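data12.pdb follows; it contains PDB, C-alpha atoms.
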ATOM      1  CA  MET W  18       0.000   0.000   0.000
ATOM      2  CA  LYS W  19       1.018   3.619  -0.453
ATOM      3  CA  ALA W  20       2.031   5.624   2.597
ATOM      4  CA  TYR W  21       4.273   8.453   3.761
ATOM      5  CA  GLU W  22       6.913   8.189   6.465
ATOM      6  CA  ILE W  23       8.647  10.838   8.558
ATOM      7  CA  VAL W  24      12.333  10.180   8.057
ATOM      8  CA  THR W  25      14.503  11.969  10.615
ATOM      9  CA  ALA W  26      17.572  11.319  12.716
ATOM     10  CA  GLY W  27      16.494  13.528  15.598
ATOM     11  CA  GLY W  28      16.898  16.791  13.707
ATOM     12  CA  PRO W  29      15.064  18.256  10.703
ATOM     13  CA  GLY W  30      13.481  15.504   8.632
ATOM     14  CA  GLU W  31      11.160  15.052   5.696
ATOM     15  CA  TRP W  32       8.141  13.161   4.455
ATOM     16  CA  LYS W  33       8.868  10.387   1.965
ATOM     17  CA  GLN W  34       6.345   8.338   0.010
ATOM     18  CA  VAL W  35       6.919   4.616   0.541
ATOM     19  CA  GLU W  36       5.352   1.225  -0.046
ATOM     20  CA  ARG W  37       4.346  -0.752   3.043
ATOM     21  CA  PRO W  38       2.710  -4.165   3.429
ATOM     22  CA  GLU W  39      -1.030  -4.043   4.040
ATOM     23  CA  PRO W  40      -1.598  -4.358   7.799
ATOM     24  CA  THR W  41      -3.904  -6.876   9.490
ATOM     25  CA  PRO W  42      -6.015  -6.060  12.568
ATOM     26  CA  GLY W  43      -5.355  -8.013  15.741
ATOM     27  CA  PRO W  44      -7.685  -8.536  18.712
ATOM     28  CA  GLY W  45      -9.470  -5.308  19.648
ATOM     29  CA  GLN W  46      -8.325  -3.552  16.477
ATOM     30  CA  ALA W  47      -9.943  -2.337  13.257
ATOM     31  CA  LEU W  48      -8.467  -1.924   9.793
ATOM     32  CA  VAL W  49      -9.514   1.445   8.352
ATOM     33  CA  ARG W  50      -9.229   2.534   4.753
ATOM     34  CA  ILE W  51      -8.220   6.185   5.143
ATOM     35  CA  ARG W  52     -10.078   8.540   2.801
ATOM     36  CA  ALA W  53      -8.806  11.909   4.015
ATOM     37  CA  VAL W  54      -6.358  13.386   6.542
ATOM     38  CA  SER W  55      -5.747  16.888   7.873
ATOM     39  CA  LEU W  56      -2.682  18.765   9.110
ATOM     40  CA  ASN W  57      -1.888  20.484  12.401
ATOM     41  CA  TYR W  58       0.961  22.757  13.494
ATOM     42  CA  ARG W  59       2.233  19.802  15.550
ATOM     43  CA  ASP W  60       3.042  18.052  12.268
ATOM     44  CA  LEU W  61       5.510  20.808  11.351
ATOM     45  CA  LEU W  62       7.177  20.539  14.746
ATOM     46  CA  LEU W  63       7.522  16.775  14.392
ATOM     47  CA  VAL W  64       9.123  16.802  10.956
ATOM     48  CA  SER W  65      11.455  19.672  11.861
ATOM     49  CA  GLY W  66      12.709  17.983  15.036
ATOM     50  CA  ARG W  67      11.228  20.688  17.308
ATOM     51  CA  TYR W  68       8.594  18.550  19.020
ATOM     52  CA  PRO W  69       9.319  17.781  22.703
ATOM     53  CA  GLN W  70       9.190  14.021  22.148
ATOM     54  CA  PRO W  71      11.580  12.900  19.379
ATOM     55  CA  ILE W  72      10.664  10.427  16.657
ATOM     56  CA  THR W  73      12.460   7.157  17.342
ATOM     57  CA  ARG W  74      11.931   5.407  13.970
ATOM     58  CA  PRO W  75      10.388   6.133  10.568
ATOM     59  CA  ILE W  76       6.654   6.515  11.277
ATOM     60  CA  LEU W  77       3.516   7.457   9.371
ATOM     61  CA  PRO W  78       2.810  11.171   9.969
ATOM     62  CA  LEU W  79      -0.433  12.927  10.948
ATOM     63  CA  SER W  80      -2.853  12.227  13.783
ATOM     64  CA  ASP W  81      -6.067  13.314  12.052
ATOM     65  CA  GLY W  82      -7.986  11.326   9.483
ATOM     66  CA  ALA W  83     -11.276   9.725   8.515
ATOM     67  CA  GLY W  84     -12.178   6.580   6.621
ATOM     68  CA  GLU W  85     -14.215   3.388   6.582
ATOM     69  CA  VAL W  86     -13.751   0.130   8.449
ATOM     70  CA  VAL W  87     -12.784  -2.716   6.106
ATOM     71  CA  ALA W  88     -11.984  -5.427   8.678
ATOM     72  CA  VAL W  89     -12.085  -5.970  12.436
ATOM     73  CA  GLY W  90     -10.123  -8.163  14.788
ATOM     74  CA  GLU W  91     -11.326 -10.598  17.421
ATOM     75  CA  GLY W  92     -13.592  -9.172  20.119
ATOM     76  CA  VAL W  93     -14.447  -5.905  18.366
ATOM     77  CA  THR W  94     -18.013  -4.718  18.925
ATOM     78  CA  ARG W  95     -17.694  -0.939  18.854
ATOM     79  CA  VAL W  96     -17.447  -0.727  15.041
ATOM     80  CA  LYS W  97     -18.279  -2.980  12.097
ATOM     81  CA  VAL W  98     -17.200  -3.291   8.476
ATOM     82  CA  GLY W  99     -18.558  -0.373   6.435
ATOM     83  CA  ASP W 100     -18.736   2.122   9.335
ATOM     84  CA  ARG W 101     -17.430   5.622   8.600
ATOM     85  CA  VAL W 102     -15.068   6.457  11.448
ATOM     86  CA  ILE W 103     -12.554   8.944  12.837
ATOM     87  CA  PRO W 104      -9.625   7.931  15.078
ATOM     88  CA  THR W 105      -9.134   9.730  18.366
ATOM     89  CA  PHE W 106      -5.855  11.614  18.878
ATOM     90  CA  PHE W 107      -5.102   9.443  21.945
ATOM     91  CA  GLN W 108      -6.200   5.949  20.989
ATOM     92  CA  THR W 109      -6.467   4.662  24.574
ATOM     93  CA  LEU W 110      -7.914   7.749  26.311
ATOM     94  CA  THR W 111     -11.617   7.002  26.654
ATOM     95  CA  ASP W 112     -12.222   9.578  29.403
ATOM     96  CA  GLY W 113     -10.242  11.919  31.636
ATOM     97  CA  THR W 114      -7.055  13.763  30.701
ATOM     98  CA  VAL W 115      -3.444  13.057  29.864
ATOM     99  CA  SER W 116      -0.277  14.983  30.721
ATOM    100  CA  MET W 117       1.807  16.665  28.037
ATOM    101  CA  ALA W 118       4.748  14.376  28.798
ATOM    102  CA  GLU W 119       2.868  11.093  28.514
ATOM    103  CA  GLY W 120       0.576  12.335  25.744
ATOM    104  CA  GLY W 121       3.437  13.141  23.420
ATOM    105  CA  THR W 122       4.361   9.467  23.187
ATOM    106  CA  LYS W 123       0.792   8.117  23.116
ATOM    107  CA  ALA W 124      -0.668  10.259  20.343
ATOM    108  CA  LEU W 125      -0.959   9.075  16.761
ATOM    109  CA  GLY W 126       1.797  10.207  14.410
ATOM    110  CA  GLY W 127       4.446  10.958  17.039
ATOM    111  CA  GLY W 128       7.117   9.265  19.163
ATOM    112  CA  ASP W 129       7.143   5.708  17.838
ATOM    113  CA  ARG W 130       3.414   5.506  17.056
ATOM    114  CA  ASP W 131       2.300   5.514  13.426
ATOM    115  CA  GLY W 132      -0.153   8.138  12.235
ATOM    116  CA  VAL W 133      -2.729   7.963   9.458
ATOM    117  CA  LEU W 134      -1.097   9.171   6.218
ATOM    118  CA  ALA W 135      -1.510   5.833   4.438
ATOM    119  CA  GLU W 136      -4.106   3.968   2.434
ATOM    120  CA  LEU W 137      -4.780   1.464   5.232
ATOM    121  CA  VAL W 138      -4.197   1.859   8.973
ATOM    122  CA  VAL W 139      -4.760  -0.459  11.943
ATOM    123  CA  LEU W 140      -6.317   1.368  14.890
ATOM    124  CA  ASP W 141      -7.672   0.522  18.336
ATOM    125  CA  ALA W 142     -11.395  -0.093  17.894
ATOM    126  CA  GLU W 143     -12.104   1.658  21.201
ATOM    127  CA  GLY W 144     -10.218   4.679  19.854
ATOM    128  CA  LEU W 145     -12.680   5.277  17.024
ATOM    129  CA  VAL W 146     -15.726   7.536  16.858
ATOM    130  CA  HIS W 147     -18.402   7.533  14.183
ATOM    131  CA  LEU W 148     -18.295  10.253  11.562
ATOM    132  CA  PRO W 149     -21.305  12.621  11.856
ATOM    133  CA  GLU W 150     -23.757  11.690   9.109
ATOM    134  CA  GLN W 151     -23.792  15.121   7.489
ATOM    135  CA  MET W 152     -20.021  15.256   7.100
ATOM    136  CA  SER W 153     -17.750  14.176   4.269
ATOM    137  CA  PHE W 154     -14.539  12.280   4.961
ATOM    138  CA  GLU W 155     -12.644  15.521   4.285
ATOM    139  CA  GLU W 156     -14.654  17.379   6.921
ATOM    140  CA  GLY W 157     -14.409  14.553   9.440
ATOM    141  CA  ALA W 158     -10.640  14.405   9.044
ATOM    142  CA  THR W 159     -10.353  17.924  10.503
ATOM    143  CA  LEU W 160     -11.849  17.030  13.895
ATOM    144  CA  PRO W 161      -9.538  14.845  16.061
ATOM    145  CA  CYS W 162      -6.931  17.402  17.167
ATOM    146  CA  ALA W 163      -8.012  20.967  16.384
ATOM    147  CA  ALA W 164     -11.737  20.624  17.008
ATOM    148  CA  VAL W 165     -11.438  18.509  20.163
ATOM    149  CA  THR W 166      -8.792  20.897  21.515
ATOM    150  CA  ALA W 167     -11.045  23.906  20.955
ATOM    151  CA  TRP W 168     -14.024  22.081  22.457
ATOM    152  CA  ASN W 169     -12.059  20.970  25.536
ATOM    153  CA  ALA W 170     -10.677  24.481  26.069
ATOM    154  CA  LEU W 171     -14.107  26.089  25.950
ATOM    155  CA  VAL W 172     -16.503  23.555  27.460
ATOM    156  CA  PRO W 173     -15.038  20.755  29.642
ATOM    157  CA  GLN W 174     -12.181  22.882  31.003
ATOM    158  CA  GLY W 175     -13.532  26.367  30.368
ATOM    159  CA  GLY W 176     -17.166  25.906  31.384
ATOM    160  CA  LEU W 177     -18.337  28.267  28.623
ATOM    161  CA  VAL W 178     -21.887  29.622  28.987
ATOM    162  CA  ALA W 179     -24.020  31.762  26.725
ATOM    163  CA  GLY W 180     -23.329  35.476  26.985
ATOM    164  CA  GLN W 181     -19.631  35.144  27.789
ATOM    165  CA  THR W 182     -16.911  36.494  25.510
ATOM    166  CA  VAL W 183     -14.110  34.480  23.882
ATOM    167  CA  LEU W 184     -10.868  35.774  22.372
ATOM    168  CA  ALA W 185      -9.463  33.493  19.655
ATOM    169  CA  GLN W 186      -5.944  34.179  18.372
ATOM    170  CA  GLY W 187      -5.414  33.808  14.649
ATOM    171  CA  THR W 188      -7.431  31.913  12.055
ATOM    172  CA  GLY W 189      -5.902  28.440  12.119
ATOM    173  CA  GLY W 190      -7.859  25.275  12.831
ATOM    174  CA  VAL W 191      -8.185  25.540  16.634
ATOM    175  CA  SER W 192      -9.207  29.204  16.611
ATOM    176  CA  ILE W 193     -11.774  28.791  13.818
ATOM    177  CA  PHE W 194     -13.343  25.807  15.576
ATOM    178  CA  ALA W 195     -13.403  27.840  18.801
ATOM    179  CA  LEU W 196     -15.197  30.627  16.930
ATOM    180  CA  GLN W 197     -17.771  28.192  15.535
ATOM    181  CA  PHE W 198     -18.407  26.428  18.854
ATOM    182  CA  ALA W 199     -18.607  29.611  20.917
ATOM    183  CA  HIS W 200     -20.953  31.253  18.409
ATOM    184  CA  ALA W 201     -23.199  28.176  18.328
ATOM    185  CA  LEU W 202     -23.374  28.104  22.144
ATOM    186  CA  GLY W 203     -24.408  31.749  22.417
ATOM    187  CA  ALA W 204     -21.082  33.367  23.331
ATOM    188  CA  LYS W 205     -19.529  36.443  21.751
ATOM    189  CA  VAL W 206     -16.223  36.044  19.919
ATOM    190  CA  ILE W 207     -13.335  38.400  19.215
ATOM    191  CA  ILE W 208     -10.734  37.102  16.788
ATOM    192  CA  THR W 209      -7.320  38.363  15.673
ATOM    193  CA  SER W 210      -5.371  38.054  12.423
ATOM    194  CA  SER W 211      -2.700  39.867  10.466
ATOM    195  CA  GLN W 212      -4.903  39.963   7.365
ATOM    196  CA  ASP W 213      -8.138  41.877   6.862
ATOM    197  CA  GLU W 214      -9.323  39.307   4.325
ATOM    198  CA  LYS W 215      -9.169  36.566   6.946
ATOM    199  CA  LEU W 216     -10.940  38.782   9.471
ATOM    200  CA  ALA W 217     -13.765  39.334   6.982
ATOM    201  CA  LYS W 218     -14.151  35.558   6.648
ATOM    202  CA  ALA W 219     -14.218  35.223  10.444
ATOM    203  CA  LYS W 220     -16.893  37.908  10.607
ATOM    204  CA  ALA W 221     -18.996  35.903   8.158
ATOM    205  CA  LEU W 222     -18.686  32.882  10.481
ATOM    206  CA  GLY W 223     -20.107  34.878  13.386
ATOM    207  CA  ALA W 224     -17.212  36.798  14.956
ATOM    208  CA  ASP W 225     -18.527  39.805  16.894
ATOM    209  CA  GLY W 226     -15.226  41.709  16.888
ATOM    210  CA  THR W 227     -12.081  41.522  14.774
ATOM    211  CA  ILE W 228      -8.592  42.930  15.332
ATOM    212  CA  ASN W 229      -5.724  43.156  12.850
ATOM    213  CA  TYR W 230      -2.688  42.756  15.101
ATOM    214  CA  ARG W 231      -0.337  44.108  12.437
ATOM    215  CA  LYS W 232      -2.234  47.382  12.401
ATOM    216  CA  HIS W 233      -2.781  47.251  16.164
ATOM    217  CA  PRO W 234       0.388  45.800  17.773
ATOM    218  CA  ASP W 235      -1.081  46.546  21.223
ATOM    219  CA  TRP W 236      -4.073  44.383  20.367
ATOM    220  CA  GLU W 237      -4.903  43.752  24.013
ATOM    221  CA  LYS W 238      -5.971  47.407  24.249
ATOM    222  CA  ALA W 239      -8.347  46.864  21.346
ATOM    223  CA  VAL W 240      -9.806  43.834  23.146
ATOM    224  CA  LEU W 241     -10.414  45.948  26.236
ATOM    225  CA  GLU W 242     -12.099  48.619  24.129
ATOM    226  CA  LEU W 243     -14.392  46.024  22.565
ATOM    227  CA  THR W 244     -15.356  44.706  26.004
ATOM    228  CA  GLY W 245     -15.928  48.043  27.705
ATOM    229  CA  GLY W 246     -12.666  47.820  29.621
ATOM    230  CA  GLU W 247     -13.620  44.556  31.308
ATOM    231  CA  GLY W 248     -11.750  41.978  29.210
ATOM    232  CA  VAL W 249     -12.848  38.606  27.861
ATOM    233  CA  ASP W 250     -13.985  35.545  29.796
ATOM    234  CA  HIS W 251     -11.920  33.033  27.810
ATOM    235  CA  VAL W 252      -8.737  33.208  25.730
ATOM    236  CA  ILE W 253      -7.757  30.587  23.155
ATOM    237  CA  GLU W 254      -4.018  31.183  23.589
ATOM    238  CA  VAL W 255      -2.182  29.639  20.642
ATOM    239  CA  GLY W 256       0.646  32.143  20.237
ATOM    240  CA  GLY W 257       2.843  31.099  23.138
ATOM    241  CA  VAL W 258       5.558  33.077  24.847
ATOM    242  CA  GLU W 259       5.185  36.269  22.781
ATOM    243  CA  THR W 260       1.417  36.646  23.058
ATOM    244  CA  LEU W 261       0.699  35.426  26.592
ATOM    245  CA  PRO W 262       1.428  38.690  28.463
ATOM    246  CA  ARG W 263      -0.987  40.568  26.187
ATOM    247  CA  ALA W 264      -3.557  37.790  26.565
ATOM    248  CA  ILE W 265      -3.429  38.134  30.354
ATOM    249  CA  THR W 266      -4.068  41.871  30.051
ATOM    250  CA  ALA W 267      -7.015  41.178  27.725
ATOM    251  CA  THR W 268      -8.673  38.764  30.193
ATOM    252  CA  ARG W 269     -11.175  39.891  32.789
ATOM    253  CA  ALA W 270     -10.670  39.250  36.503
ATOM    254  CA  GLY W 271     -11.524  35.616  37.206
ATOM    255  CA  GLY W 272     -11.270  34.733  33.515
ATOM    256  CA  HIS W 273      -9.903  31.620  31.845
ATOM    257  CA  LEU W 274      -6.755  31.239  29.734
ATOM    258  CA  ALA W 275      -6.455  28.041  27.703
ATOM    259  CA  LEU W 276      -2.781  27.489  26.833
ATOM    260  CA  ILE W 277      -2.798  25.556  23.582
ATOM    261  CA  GLY W 278      -0.106  26.546  21.110
ATOM    262  CA  LEU W 279       3.429  27.728  20.683
ATOM    263  CA  LEU W 280       3.368  29.489  17.346
ATOM    264  CA  SER W 281       5.935  32.008  18.557
ATOM    265  CA  GLY W 282       8.397  29.266  19.501
ATOM    266  CA  SER W 283       7.489  27.970  22.952
ATOM    267  CA  PHE W 284       4.723  27.833  25.522
ATOM    268  CA  GLY W 285       4.421  30.972  27.587
ATOM    269  CA  ALA W 286       4.989  30.941  31.345
ATOM    270  CA  PRO W 287       2.382  33.274  32.835
ATOM    271  CA  ASP W 288       3.536  35.932  35.288
ATOM    272  CA  PRO W 289       2.403  34.505  38.675
ATOM    273  CA  ALA W 290       1.791  37.983  40.072
ATOM    274  CA  ALA W 291      -0.435  38.990  37.171
ATOM    275  CA  VAL W 292      -2.356  35.732  37.388
ATOM    276  CA  GLU W 293      -2.823  36.098  41.151
ATOM    277  CA  VAL W 294      -3.949  39.716  40.993
ATOM    278  CA  LYS W 295      -6.679  38.882  38.468
ATOM    279  CA  LYS W 296      -7.447  35.423  39.940
ATOM    280  CA  LEU W 297      -7.136  33.862  36.495
ATOM    281  CA  LYS W 298      -7.693  30.198  35.716
ATOM    282  CA  VAL W 299      -4.735  29.176  33.531
ATOM    283  CA  GLU W 300      -4.705  25.650  32.077
ATOM    284  CA  LEU W 301      -2.775  23.666  29.503
ATOM    285  CA  VAL W 302      -5.082  22.021  27.002
ATOM    286  CA  PHE W 303      -3.790  18.892  25.299
ATOM    287  CA  VAL W 304      -6.529  17.740  22.923
ATOM    288  CA  GLY W 305      -9.032  15.531  24.793
ATOM    289  CA  SER W 306     -10.703  12.162  25.315
ATOM    290  CA  ARG W 307     -13.108  10.041  23.276
ATOM    291  CA  VAL W 308     -15.938  11.081  25.601
ATOM    292  CA  MET W 309     -15.228  14.738  24.792
ATOM    293  CA  PHE W 310     -15.044  13.937  21.079
ATOM    294  CA  GLU W 311     -18.471  12.298  21.121
ATOM    295  CA  ALA W 312     -20.046  15.125  23.132
ATOM    296  CA  MET W 313     -18.587  17.620  20.654
ATOM    297  CA  ASN W 314     -19.978  15.649  17.706
ATOM    298  CA  GLN W 315     -23.464  15.845  19.222
ATOM    299  CA  VAL W 316     -23.218  19.642  19.313
ATOM    300  CA  ILE W 317     -21.792  19.701  15.777
ATOM    301  CA  THR W 318     -24.775  17.681  14.555
ATOM    302  CA  THR W 319     -27.374  19.655  16.526
ATOM    303  CA  HIS W 320     -26.105  23.026  15.280
ATOM    304  CA  GLY W 321     -25.164  21.916  11.774
ATOM    305  CA  ILE W 322     -21.551  23.055  12.184
ATOM    306  CA  ARG W 323     -19.382  22.424   9.128
ATOM    307  CA  PRO W 324     -15.578  22.505   9.428
ATOM    308  CA  VAL W 325     -13.845  25.255   7.480
ATOM    309  CA  ILE W 326     -11.455  23.728   4.943
ATOM    310  CA  ASP W 327      -9.037  26.107   3.270
ATOM    311  CA  ARG W 328      -7.606  23.762   0.650
ATOM    312  CA  VAL W 329      -7.619  20.080  -0.312
ATOM    313  CA  PHE W 330      -4.478  18.460  -1.738
ATOM    314  CA  PRO W 331      -4.261  15.085  -3.507
ATOM    315  CA  PHE W 332      -2.232  12.317  -1.879
ATOM    316  CA  GLU W 333       0.647  12.769  -4.301
ATOM    317  CA  GLN W 334       1.025  16.398  -3.174
ATOM    318  CA  ALA W 335       1.243  15.701   0.564
ATOM    319  CA  VAL W 336       4.621  17.435   0.871
ATOM    320  CA  GLU W 337       3.181  20.525  -0.863
ATOM    321  CA  ALA W 338       0.372  20.507   1.709
ATOM    322  CA  LEU W 339       2.928  20.516   4.518
ATOM    323  CA  ARG W 340       4.754  23.446   2.924
ATOM    324  CA  TYR W 341       1.444  25.300   2.570
ATOM    325  CA  LEU W 342       0.811  24.817   6.279
ATOM    326  CA  GLU W 343       4.264  26.212   6.982
ATOM    327  CA  SER W 344       3.467  29.337   4.935
ATOM    328  CA  GLY W 345       0.642  30.310   7.295
ATOM    329  CA  ALA W 346      -1.543  31.352   4.371
ATOM    330  CA  HIS W 347      -4.438  29.070   5.328
ATOM    331  CA  PHE W 348      -7.768  29.959   6.941
ATOM    332  CA  GLY W 349      -9.094  26.942   8.812
ATOM    333  CA  LYS W 350      -7.878  23.460   7.952
ATOM    334  CA  ILE W 351      -5.695  21.882   5.255
ATOM    335  CA  VAL W 352      -6.768  18.457   4.028
ATOM    336  CA  ILE W 353      -5.164  15.692   1.943
ATOM    337  CA  THR W 354      -7.340  13.125   0.170
ATOM    338  CA  VAL W 355      -6.096   9.549   0.230
TER     339      VAL W 355
END

Re-express the file's structure as structure tokens.
Amino acid sequence: MKAYEIVTAGGPGEWKQVERPEPTPGPGQALVRIRAVSLNYRDLLLVSGRYPQPITRPILPLSDGAGEVVAVGEGVTRVKVGDRVIPTFFQTLTDGTVSMAEGGTKALGGGDRDGVLAELVVLDAEGLVHLPEQMSFEEGATLPCAAVTAWNALVPQGGLVAGQTVLAQGTGGVSIFALQFAHALGAKVIITSSQDEKLAKAKALGADGTINYRKHPDWEKAVLELTGGEGVDHVIEVGGVETLPRAITATRAGGHLALIGLLSGSFGAPDPAAVEVKKLKVELVFVGSRVMFEAMNQVITTHGIRPVIDRVFPFEQAVEALRYLESGAHFGKIVITV
């Protein structure tokens, strides 16, 4: 079968198309024919050797995909042949949470665990969820990492309620999903970008306020102006060390900061004094469990939420898709058909 591998010796690596034997499911496993996959910023970190947990052997990249079950192993009852399914980011995390340290080695497409950029993949049957009926494989492939992360940040960890205000940084996958979920649940959303064109698209998706951070470098002041000086209830903090101080300023007293990304190079360490003065709830968000995924899918179905896909690449152009992600030109998710 056709597949891609991350080939790296601990430093910068690359994706290479290879031929692998077709896998066979063992007890408790399912064989899934992958129809589409999507990319996350994590995938750039992995191939460039900047991810905290190094790759120990050539592995299949990407954690996010969708496909159909073509065979099941002994004892499998959760799925059957013909089911349209999506793998969870953490195959063995049914409920609860996982630490960053242990999660980095347990997630698909990292450490020594194969991902989903292949024609056929063996997965834990208990680590599969059913694709919402209204969604295509391409749409379903966007959900496991970015959507579940946004959902976890806002609802299970954040306790979002209608009428609150959310600040989403940028227009990548996590932030756009956060915008869609918050809007659907009756919250107000402020979103930032360096491009007015992207902000216009966010406005069309329901954003209540938009800020171009190139034109307004002190964007936290603009957030305060939009909230009457009070600040937002929740921040989807994907920037990292460079954006965190401004995010703290933009958050109301008693508000919630979800630390998700490190686009500026590393996770930010919040100033303890600033956090204490404002009594902020600051939490790392590392994707989420199967239970969270299924609860999110119920809301997606109820509200008719459709993932925002920027561009779809064919399988043969997977490396071009990775380079496009690196460019930062996308709005929403980048997908590869398999």

- Message: Using only C-alpha atoms, which protein or nucleic acid residues come within 8 Å of Val329 (chain W)? Drop anything in the same chain fewer than 5 positions from it, and give the result as a PyMOL selection string.
- Response: chain W and resi 351-354

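Residue nearest Pro161 (chain W) within the list W:Trp32, W:Tyr68, W:Phe198, W:Phe107: W:Phe107 [criterion: smallest interatomic distance, all atoms listed in the file].
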
Selection under test: the PyMOL selection byres ((chain W and resi 39) around 6); residues as a JSON list (two decimals) with C-alpha atoms, keeping the file's coordinate frame:
[["chain", "number", "residue", "atom", "x", "y", "z"],
["W", 18, "MET", "CA", 0.00, 0.00, 0.00],
["W", 38, "PRO", "CA", 2.71, -4.16, 3.43],
["W", 40, "PRO", "CA", -1.60, -4.36, 7.80]]

- Message: Using the chain letters and numbers from this file, what does the PyMOL selection byres ((chain W and resi 340) around 12) select? Give the answer as a ChimeraX atom specification.
- Response: /W:31-32,56-58,60-61,64-65,330,334-339,341-347,351

- Message: I'd like the interatomic distance between CA of Arg50 (chain W) and CA of Val133 (chain W), to a tenth of an Å.
- Response: 9.7 Å

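We find CA of Leu216 (chain W) and CA of Phe310 (chain W) to be spaced 27.7 Å apart.
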
- Task: Give as a PyMOL selection string the residues that the PyMOL selection byres ((chain W and resi 109) around 10) matches when applied to the coordinates above.
- Result: chain W and resi 105-108+110-112+123-124+141-145+306-307

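Of the residues under consideration (W:Ala219, W:Asp250, W:Gln315, W:Ala163), W:Asp250 shows the shortest atom-to-atom contact distance to Ala204 (chain W) when counting all atoms listed in the file.
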
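Atom pair CA of Asp100 (chain W) / CA of Val49 (chain W) has a distance of 9.3 Å (rounded to one decimal).
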
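Residue nearest Thr114 (chain W), chosen from W:Leu301, W:Val139, W:Ala224, W:Ala158 and counting all atoms listed in the file: W:Leu301.
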
- Message: I'd like the contact shell of Phe194 (chain W) - 10 Å cut-off, only C-alpha atoms, skipping same-chain residues fewer than 5 positions apart - returned as a list in words.
- Response: Thr159, Leu160, Ala163, Ala164, Val165, Thr166, Ala167, Trp168, Ala185, Thr188, Gly189, Ala199, His200, Ile322, Arg323, Pro324, Val325, Gly349 and Lys350 of chain W

- Message: With distances taken over all atoms listed in the file, which residue among W:Pro262, W:Gly187, W:Gly245, W:Gly84 lies nearest Glu136 (chain W)?
- Response: W:Gly84

N, CA and C atoms modelled onto region 298-309 of chain W, as a PDB file, in the coordinates of the input:
ATOM      1  N   LYS W 298      -7.807  31.651  35.842  1.00  0.00           N
ATOM      2  CA  LYS W 298      -7.693  30.198  35.716  1.00  0.00           C
ATOM      3  C   LYS W 298      -6.873  29.916  34.468  1.00  0.00           C
ATOM      4  N   VAL W 299      -5.648  29.418  34.651  1.00  0.00           N
ATOM      5  CA  VAL W 299      -4.735  29.176  33.531  1.00  0.00           C
ATOM      6  C   VAL W 299      -4.495  27.676  33.419  1.00  0.00           C
ATOM      7  N   GLU W 300      -4.819  27.093  32.244  1.00  0.00           N
ATOM      8  CA  GLU W 300      -4.705  25.650  32.077  1.00  0.00           C
ATOM      9  C   GLU W 300      -4.094  25.285  30.729  1.00  0.00           C
ATOM     10  N   LEU W 301      -3.238  24.271  30.748  1.00  0.00           N
ATOM     11  CA  LEU W 301      -2.775  23.666  29.503  1.00  0.00           C
ATOM     12  C   LEU W 301      -3.883  22.792  28.936  1.00  0.00           C
ATOM     13  N   VAL W 302      -4.078  22.864  27.660  1.00  0.00           N
ATOM     14  CA  VAL W 302      -5.082  22.021  27.002  1.00  0.00           C
ATOM     15  C   VAL W 302      -4.353  21.136  25.996  1.00  0.00           C
ATOM     16  N   PHE W 303      -4.454  19.827  26.201  1.00  0.00           N
ATOM     17  CA  PHE W 303      -3.790  18.892  25.299  1.00  0.00           C
ATOM     18  C   PHE W 303      -4.835  17.959  24.694  1.00  0.00           C
ATOM     19  N   VAL W 304      -5.491  18.446  23.660  1.00  0.00           N
ATOM     20  CA  VAL W 304      -6.529  17.740  22.923  1.00  0.00           C
ATOM     21  C   VAL W 304      -7.605  17.266  23.900  1.00  0.00           C
ATOM     22  N   GLY W 305      -7.973  15.979  23.907  1.00  0.00           N
ATOM     23  CA  GLY W 305      -9.032  15.531  24.793  1.00  0.00           C
ATOM     24  C   GLY W 305      -9.354  14.069  24.577  1.00  0.00           C
ATOM     25  N   SER W 306     -10.362  13.581  25.282  1.00  0.00           N
ATOM     26  CA  SER W 306     -10.703  12.162  25.315  1.00  0.00           C
ATOM     27  C   SER W 306     -11.769  11.802  24.281  1.00  0.00           C
ATOM     28  N   ARG W 307     -12.049  10.499  24.165  1.00  0.00           N
ATOM     29  CA  ARG W 307     -13.108  10.041  23.276  1.00  0.00           C
ATOM     30  C   ARG W 307     -14.474  10.536  23.750  1.00  0.00           C
ATOM     31  N   VAL W 308     -14.671  10.578  25.054  1.00  0.00           N
ATOM     32  CA  VAL W 308     -15.938  11.081  25.601  1.00  0.00           C
ATOM     33  C   VAL W 308     -16.161  12.531  25.174  1.00  0.00           C
ATOM     34  N   MET W 309     -15.124  13.348  25.243  1.00  0.00           N
ATOM     35  CA  MET W 309     -15.228  14.738  24.792  1.00  0.00           C
ATOM     36  C   MET W 309     -15.537  14.809  23.301  1.00  0.00           C
TER      37      MET W 309
END
